[in-house]
Amino acid sequence: MSIGTATFSAPPAPVLGRIPGNKAIWVGIYCELTEFALMFIVYFLARAHHPEAFRDGPQQLSTLAGVTNTVIMLTSSYFVARGVMAMRRSQRATCLKWLTAALFTGIGYPVVKFFEVQWNVARGLSGNGEVFQMAYYYLTFNHLVHVCWGLLGLLWVMARTWMGAYDATDHDGLEAFACYWHATDLIWLMIFPLFYVLP
Amino acid sequence: MHSERTLTVAWLVLLGLTLIGGVVGNTGSPGLWVTVAVAAMMAFKGRVVIDHFLELGGAHPSIRRLVRFYAVALPVMLILTDLFGPQIAWLTTL
């Protein structure tokens, strides 16, 4: 038996688990998680140094805005997940409907953020205020940037879906976007209680 | 792969916990046990998103473990900060 034959007859390597979407998106998600991890460390250190400011801080913010944006992120994420499920069954039109619903829901996030900032500024909460306010603007504006990138990505996968670029067996691009959107949702679920919920 | 029903239930649970969080934010008073409850809610919601939205249950271990660790590490850091805030402040004062 030749070496070549032995190689071909060898059992396949054990499957360690799939990579959802593609490797590139996970490099991006790791970067996103690392970036926010550093900001969370700054948050916890600031909280340790200024417990009073962080105890009183959430009362200065609009809980309604925080809850609304959490509902928006979760619902948009849910719609994207339903879109991926539809694509797995080759239901391209249904997938596009779910993605459209996710887009219109997701656009609500920067809209709510706009009104929230207006509300904050009217009450004297600014980015150069005390430490809680600075941490709040620093983390939530960074998250807003990631949401806006995600909305652009959503437009891209909607166009690709409409053009028929994905099908049941090949929709890695769609799944990669979904992973990014869910990871951005996950980060918001960590931010929300730290600024809006903790009394 | 998940069914639509499982995903919908997960989404509704997340919405319900978010509304409970909003109530706590408006009416709760500061205390360690409130912090522990909020941290537990953070970890649980994170795990639901990881398992049912990101579907990392069958993903490569390096991805699954890191993301799951992330959603546990932050709530734990929150509890540690409230428990040992003065010591952390002392250690990190220049």
# chains A, B, ... in the order shown; residues from 1 in each chain; ligands from 1
>>> closest_atom_pairs(of="chain A", to="chain B", cutoff="7 Å", atoms="only C-alpha atoms", output="JSON lines")
{"residue": "A:Leu16", "atom": "CA", "partner": "B:His60", "partner_atom": "CA", "distance": 5.6}
{"residue": "A:Gly17", "atom": "CA", "partner": "B:His60", "partner_atom": "CA", "distance": 4.0}
{"residue": "A:Arg18", "atom": "CA", "partner": "B:Ala59", "partner_atom": "CA", "distance": 4.6}
{"residue": "A:Ile19", "atom": "CA", "partner": "B:Ala59", "partner_atom": "CA", "distance": 5.7}
{"residue": "A:Pro20", "atom": "CA", "partner": "B:Ala59", "partner_atom": "CA", "distance": 6.7}
{"residue": "A:Phe44", "atom": "CA", "partner": "B:Thr81", "partner_atom": "CA", "distance": 6.4}
{"residue": "A:Leu45", "atom": "CA", "partner": "B:Ala89", "partner_atom": "CA", "distance": 6.9}
{"residue": "A:Ala48", "atom": "CA", "partner": "B:Gly85", "partner_atom": "CA", "distance": 4.3}
{"residue": "A:His49", "atom": "CA", "partner": "B:Ala89", "partner_atom": "CA", "distance": 5.1}
{"residue": "A:Thr63", "atom": "CA", "partner": "B:Gly22", "partner_atom": "CA", "distance": 6.3}
{"residue": "A:Val67", "atom": "CA", "partner": "B:Gly22", "partner_atom": "CA", "distance": 6.1}
{"residue": "A:Val71", "atom": "CA", "partner": "B:Leu15", "partner_atom": "CA", "distance": 6.3}
{"residue": "A:Leu74", "atom": "CA", "partner": "B:Trp11", "partner_atom": "CA", "distance": 7.0}
{"residue": "A:Tyr78", "atom": "CA", "partner": "B:Trp11", "partner_atom": "CA", "distance": 6.6}
{"residue": "A:Ala81", "atom": "CA", "partner": "B:Phe53", "partner_atom": "CA", "distance": 6.2}
{"residue": "A:Cys179", "atom": "CA", "partner": "B:Leu54", "partner_atom": "CA", "distance": 5.8}
{"residue": "A:His182", "atom": "CA", "partner": "B:Leu54", "partner_atom": "CA", "distance": 6.1}
{"residue": "A:Leu186", "atom": "CA", "partner": "B:Gly46", "partner_atom": "CA", "distance": 6.0}
{"residue": "A:Leu189", "atom": "CA", "partner": "B:Met42", "partner_atom": "CA", "distance": 6.7}
{"residue": "A:Met190", "atom": "CA", "partner": "B:Met42", "partner_atom": "CA", "distance": 6.2}
{"residue": "A:Pro193", "atom": "CA", "partner": "B:Val38", "partner_atom": "CA", "distance": 7.0}
{"residue": "A:Tyr196", "atom": "CA", "partner": "B:Gly25", "partner_atom": "CA", "distance": 6.0}
{"residue": "A:Val197", "atom": "CA", "partner": "B:Gly25", "partner_atom": "CA", "distance": 3.8}
{"residue": "A:Leu198", "atom": "CA", "partner": "B:Gly25", "partner_atom": "CA", "distance": 5.9}
{"residue": "A:Pro199", "atom": "CA", "partner": "B:Pro30", "partner_atom": "CA", "distance": 4.9}
>>> write_last_selection(atoms="N, CA, C and O atoms", output="mmCIF file, in the first residue's frame")
data_model
loop_
_atom_site.group_PDB
_atom_site.id
_atom_site.type_symbol
_atom_site.label_atom_id
_atom_site.label_comp_id
_atom_site.auth_asym_id
_atom_site.auth_seq_id
_atom_site.Cartn_x
_atom_site.Cartn_y
_atom_site.Cartn_z
ATOM 1 N N LEU A 16 -14.906 19.012 15.021
ATOM 2 C CA LEU A 16 -14.839 19.736 16.298
ATOM 3 C C LEU A 16 -16.041 20.641 16.494
ATOM 4 O O LEU A 16 -16.241 21.191 17.558
ATOM 5 N N GLY A 17 -16.815 20.810 15.488
ATOM 6 C CA GLY A 17 -17.930 21.742 15.569
ATOM 7 C C GLY A 17 -17.827 22.729 14.429
ATOM 8 O O GLY A 17 -16.741 23.059 13.968
ATOM 9 N N ARG A 18 -18.974 23.225 14.009
ATOM 10 C CA ARG A 18 -18.985 24.113 12.851
ATOM 11 C C ARG A 18 -18.677 25.550 13.252
ATOM 12 O O ARG A 18 -18.784 25.915 14.424
ATOM 13 N N ILE A 19 -18.299 26.318 12.256
ATOM 14 C CA ILE A 19 -18.079 27.747 12.457
ATOM 15 C C ILE A 19 -19.272 28.459 11.823
ATOM 16 O O ILE A 19 -19.405 28.483 10.590
ATOM 17 N N PRO A 20 -20.166 29.008 12.639
ATOM 18 C CA PRO A 20 -21.352 29.663 12.059
ATOM 19 C C PRO A 20 -20.939 30.846 11.187
ATOM 20 O O PRO A 20 -20.087 31.638 11.585
ATOM 21 N N PHE A 44 -16.246 48.912 35.342
ATOM 22 C CA PHE A 44 -16.185 48.312 36.680
ATOM 23 C C PHE A 44 -15.187 49.054 37.579
ATOM 24 O O PHE A 44 -15.441 49.218 38.775
ATOM 25 N N LEU A 45 -14.070 49.496 37.002
ATOM 26 C CA LEU A 45 -13.102 50.254 37.799
ATOM 27 C C LEU A 45 -13.713 51.588 38.233
ATOM 28 O O LEU A 45 -13.564 51.998 39.386
ATOM 29 N N ALA A 48 -16.082 50.953 41.012
ATOM 30 C CA ALA A 48 -15.402 50.691 42.281
ATOM 31 C C ALA A 48 -14.906 51.995 42.915
ATOM 32 O O ALA A 48 -14.941 52.148 44.139
ATOM 33 N N HIS A 49 -14.457 52.928 42.070
ATOM 34 C CA HIS A 49 -13.922 54.191 42.595
ATOM 35 C C HIS A 49 -15.015 55.191 42.965
ATOM 36 O O HIS A 49 -14.806 56.036 43.828
ATOM 37 N N THR A 63 -35.477 54.997 31.833
ATOM 38 C CA THR A 63 -35.623 53.532 31.813
ATOM 39 C C THR A 63 -36.442 53.108 30.598
ATOM 40 O O THR A 63 -36.169 52.069 29.982
ATOM 41 N N VAL A 67 -35.424 50.207 28.017
ATOM 42 C CA VAL A 67 -36.273 49.028 27.806
ATOM 43 C C VAL A 67 -36.695 48.960 26.322
ATOM 44 O O VAL A 67 -36.644 47.890 25.704
ATOM 45 N N VAL A 71 -35.948 45.900 23.743
ATOM 46 C CA VAL A 71 -37.013 45.197 23.005
ATOM 47 C C VAL A 71 -36.724 45.260 21.502
ATOM 48 O O VAL A 71 -36.872 44.254 20.775
ATOM 49 N N LEU A 74 -33.741 42.847 20.686
ATOM 50 C CA LEU A 74 -34.153 41.439 20.772
ATOM 51 C C LEU A 74 -35.077 41.056 19.618
ATOM 52 O O LEU A 74 -34.953 39.975 19.030
ATOM 53 N N TYR A 78 -34.453 38.465 16.637
ATOM 54 C CA TYR A 78 -35.392 37.344 16.423
ATOM 55 C C TYR A 78 -35.807 37.274 14.951
ATOM 56 O O TYR A 78 -35.821 36.195 14.351
ATOM 57 N N ALA A 81 -33.036 35.838 12.896
ATOM 58 C CA ALA A 81 -32.939 34.388 13.104
ATOM 59 C C ALA A 81 -34.028 33.662 12.313
ATOM 60 O O ALA A 81 -33.782 32.596 11.721
ATOM 61 N N CYS A 179 -24.777 36.341 12.833
ATOM 62 C CA CYS A 179 -23.894 36.189 14.003
ATOM 63 C C CYS A 179 -23.474 37.555 14.530
ATOM 64 O O CYS A 179 -23.469 37.786 15.747
ATOM 65 N N HIS A 182 -26.488 39.212 16.277
ATOM 66 C CA HIS A 182 -26.793 38.594 17.575
ATOM 67 C C HIS A 182 -25.716 38.958 18.612
ATOM 68 O O HIS A 182 -26.031 39.155 19.790
ATOM 69 N N LEU A 186 -26.171 40.718 22.087
ATOM 70 C CA LEU A 186 -25.623 40.174 23.342
ATOM 71 C C LEU A 186 -24.923 41.272 24.147
ATOM 72 O O LEU A 186 -25.104 41.373 25.368
ATOM 73 N N LEU A 189 -27.364 43.469 25.821
ATOM 74 C CA LEU A 189 -27.973 42.822 26.992
ATOM 75 C C LEU A 189 -27.066 42.922 28.221
ATOM 76 O O LEU A 189 -27.540 42.800 29.349
ATOM 77 N N MET A 190 -25.771 43.141 28.017
ATOM 78 C CA MET A 190 -24.846 43.372 29.127
ATOM 79 C C MET A 190 -24.870 44.852 29.530
ATOM 80 O O MET A 190 -24.778 45.188 30.719
ATOM 81 N N PRO A 193 -28.542 46.387 31.751
ATOM 82 C CA PRO A 193 -28.705 46.366 33.213
ATOM 83 C C PRO A 193 -27.690 47.250 33.938
ATOM 84 O O PRO A 193 -27.996 47.791 35.005
ATOM 85 N N TYR A 196 -29.230 51.013 33.170
ATOM 86 C CA TYR A 196 -30.647 51.349 33.306
ATOM 87 C C TYR A 196 -31.352 50.591 34.434
ATOM 88 O O TYR A 196 -32.406 51.020 34.887
ATOM 89 N N VAL A 197 -30.806 49.445 34.832
ATOM 90 C CA VAL A 197 -31.550 48.580 35.761
ATOM 91 C C VAL A 197 -31.006 48.650 37.183
ATOM 92 O O VAL A 197 -31.779 48.836 38.126
ATOM 93 N N LEU A 198 -29.704 48.523 37.340
ATOM 94 C CA LEU A 198 -29.118 48.432 38.688
ATOM 95 C C LEU A 198 -29.483 49.642 39.534
ATOM 96 O O LEU A 198 -29.155 50.768 39.169
ATOM 97 N N PRO A 199 -30.163 49.438 40.656
ATOM 98 C CA PRO A 199 -30.495 50.589 41.501
ATOM 99 C C PRO A 199 -29.275 51.021 42.338
ATOM 100 O O PRO A 199 -28.374 50.256 42.533
#
>>> select_by_dssp(residues="chain B", states="alpha helix (DSSP H)", output="ChimeraX atom specification")
/B:4-27,32-48,61-83,85-91
>>> closest_residue(among="B:Leu32, B:Phe44, B:Asp51, B:Leu17", to="Arg65 (chain B)", atoms="only C-alpha atoms")
B:Asp51
>>> atom_distance(atom1="CA of Leu174 (chain A)", atom2="CA of Trp188 (chain A)")
21.3 Å
>>> residues_around(residues="Phe115 (chain A)", least_positions_apart="4", cutoff="12 Å", atoms="only C-alpha atoms", output="PyMOL selection string")
chain A and resi 62+64-66+68-69+108-111+119-122
>>> decode(residues="region 18-71 of chain B", atoms="C-alpha atoms", output="PDB file, in the first residue's frame")
ATOM      1  CA  THR B  18     -36.435  42.827  29.969  1.00  0.00           C
ATOM      2  CA  LEU B  19     -39.741  44.196  31.256  1.00  0.00           C
ATOM      3  CA  ILE B  20     -38.973  42.820  34.727  1.00  0.00           C
ATOM      4  CA  GLY B  21     -35.585  44.552  34.496  1.00  0.00           C
ATOM      5  CA  GLY B  22     -37.352  47.817  33.661  1.00  0.00           C
ATOM      6  CA  VAL B  23     -39.533  47.485  36.768  1.00  0.00           C
ATOM      7  CA  VAL B  24     -36.469  46.778  38.948  1.00  0.00           C
ATOM      8  CA  GLY B  25     -34.750  49.819  37.431  1.00  0.00           C
ATOM      9  CA  ASN B  26     -37.663  52.045  38.414  1.00  0.00           C
ATOM     10  CA  THR B  27     -38.554  50.619  41.809  1.00  0.00           C
ATOM     11  CA  GLY B  28     -35.628  48.601  43.190  1.00  0.00           C
ATOM     12  CA  SER B  29     -33.409  49.785  46.019  1.00  0.00           C
ATOM     13  CA  PRO B  30     -29.618  49.241  46.117  1.00  0.00           C
ATOM     14  CA  GLY B  31     -28.345  46.079  47.760  1.00  0.00           C
ATOM     15  CA  LEU B  32     -26.098  43.093  47.163  1.00  0.00           C
ATOM     16  CA  TRP B  33     -28.961  40.686  46.534  1.00  0.00           C
ATOM     17  CA  VAL B  34     -30.469  42.997  43.935  1.00  0.00           C
ATOM     18  CA  THR B  35     -27.068  43.111  42.240  1.00  0.00           C
ATOM     19  CA  VAL B  36     -26.849  39.303  42.360  1.00  0.00           C
ATOM     20  CA  ALA B  37     -30.365  39.001  40.878  1.00  0.00           C
ATOM     21  CA  VAL B  38     -29.566  41.474  38.091  1.00  0.00           C
ATOM     22  CA  ALA B  39     -26.263  39.682  37.390  1.00  0.00           C
ATOM     23  CA  ALA B  40     -28.071  36.324  37.222  1.00  0.00           C
ATOM     24  CA  MET B  41     -30.573  37.823  34.793  1.00  0.00           C
ATOM     25  CA  MET B  42     -27.701  39.154  32.647  1.00  0.00           C
ATOM     26  CA  ALA B  43     -26.064  35.724  32.536  1.00  0.00           C
ATOM     27  CA  PHE B  44     -29.321  33.925  31.773  1.00  0.00           C
ATOM     28  CA  LYS B  45     -30.361  36.305  28.984  1.00  0.00           C
ATOM     29  CA  GLY B  46     -26.872  36.110  27.507  1.00  0.00           C
ATOM     30  CA  ARG B  47     -26.992  32.314  27.515  1.00  0.00           C
ATOM     31  CA  VAL B  48     -30.409  32.277  25.827  1.00  0.00           C
ATOM     32  CA  VAL B  49     -29.115  34.522  23.022  1.00  0.00           C
ATOM     33  CA  ILE B  50     -25.965  32.403  22.667  1.00  0.00           C
ATOM     34  CA  ASP B  51     -27.829  29.095  22.528  1.00  0.00           C
ATOM     35  CA  HIS B  52     -30.966  30.018  20.589  1.00  0.00           C
ATOM     36  CA  PHE B  53     -30.097  33.054  18.441  1.00  0.00           C
ATOM     37  CA  LEU B  54     -26.376  32.495  17.785  1.00  0.00           C
ATOM     38  CA  GLU B  55     -26.925  28.706  17.866  1.00  0.00           C
ATOM     39  CA  LEU B  56     -23.471  28.068  19.317  1.00  0.00           C
ATOM     40  CA  GLY B  57     -24.484  24.735  20.901  1.00  0.00           C
ATOM     41  CA  GLY B  58     -22.844  22.773  18.072  1.00  0.00           C
ATOM     42  CA  ALA B  59     -20.245  25.381  17.141  1.00  0.00           C
ATOM     43  CA  HIS B  60     -16.477  25.008  17.318  1.00  0.00           C
ATOM     44  CA  PRO B  61     -15.445  24.853  21.010  1.00  0.00           C
ATOM     45  CA  SER B  62     -13.156  27.888  20.786  1.00  0.00           C
ATOM     46  CA  ILE B  63     -16.092  30.012  19.649  1.00  0.00           C
ATOM     47  CA  ARG B  64     -18.697  28.464  21.958  1.00  0.00           C
ATOM     48  CA  ARG B  65     -16.547  28.588  25.105  1.00  0.00           C
ATOM     49  CA  LEU B  66     -15.305  32.143  24.601  1.00  0.00           C
ATOM     50  CA  VAL B  67     -18.743  33.615  23.975  1.00  0.00           C
ATOM     51  CA  ARG B  68     -20.312  31.665  26.847  1.00  0.00           C
ATOM     52  CA  PHE B  69     -17.462  32.772  29.125  1.00  0.00           C
ATOM     53  CA  TYR B  70     -18.104  36.395  28.112  1.00  0.00           C
ATOM     54  CA  ALA B  71     -21.735  36.241  29.206  1.00  0.00           C
TER      55      ALA B  71
END
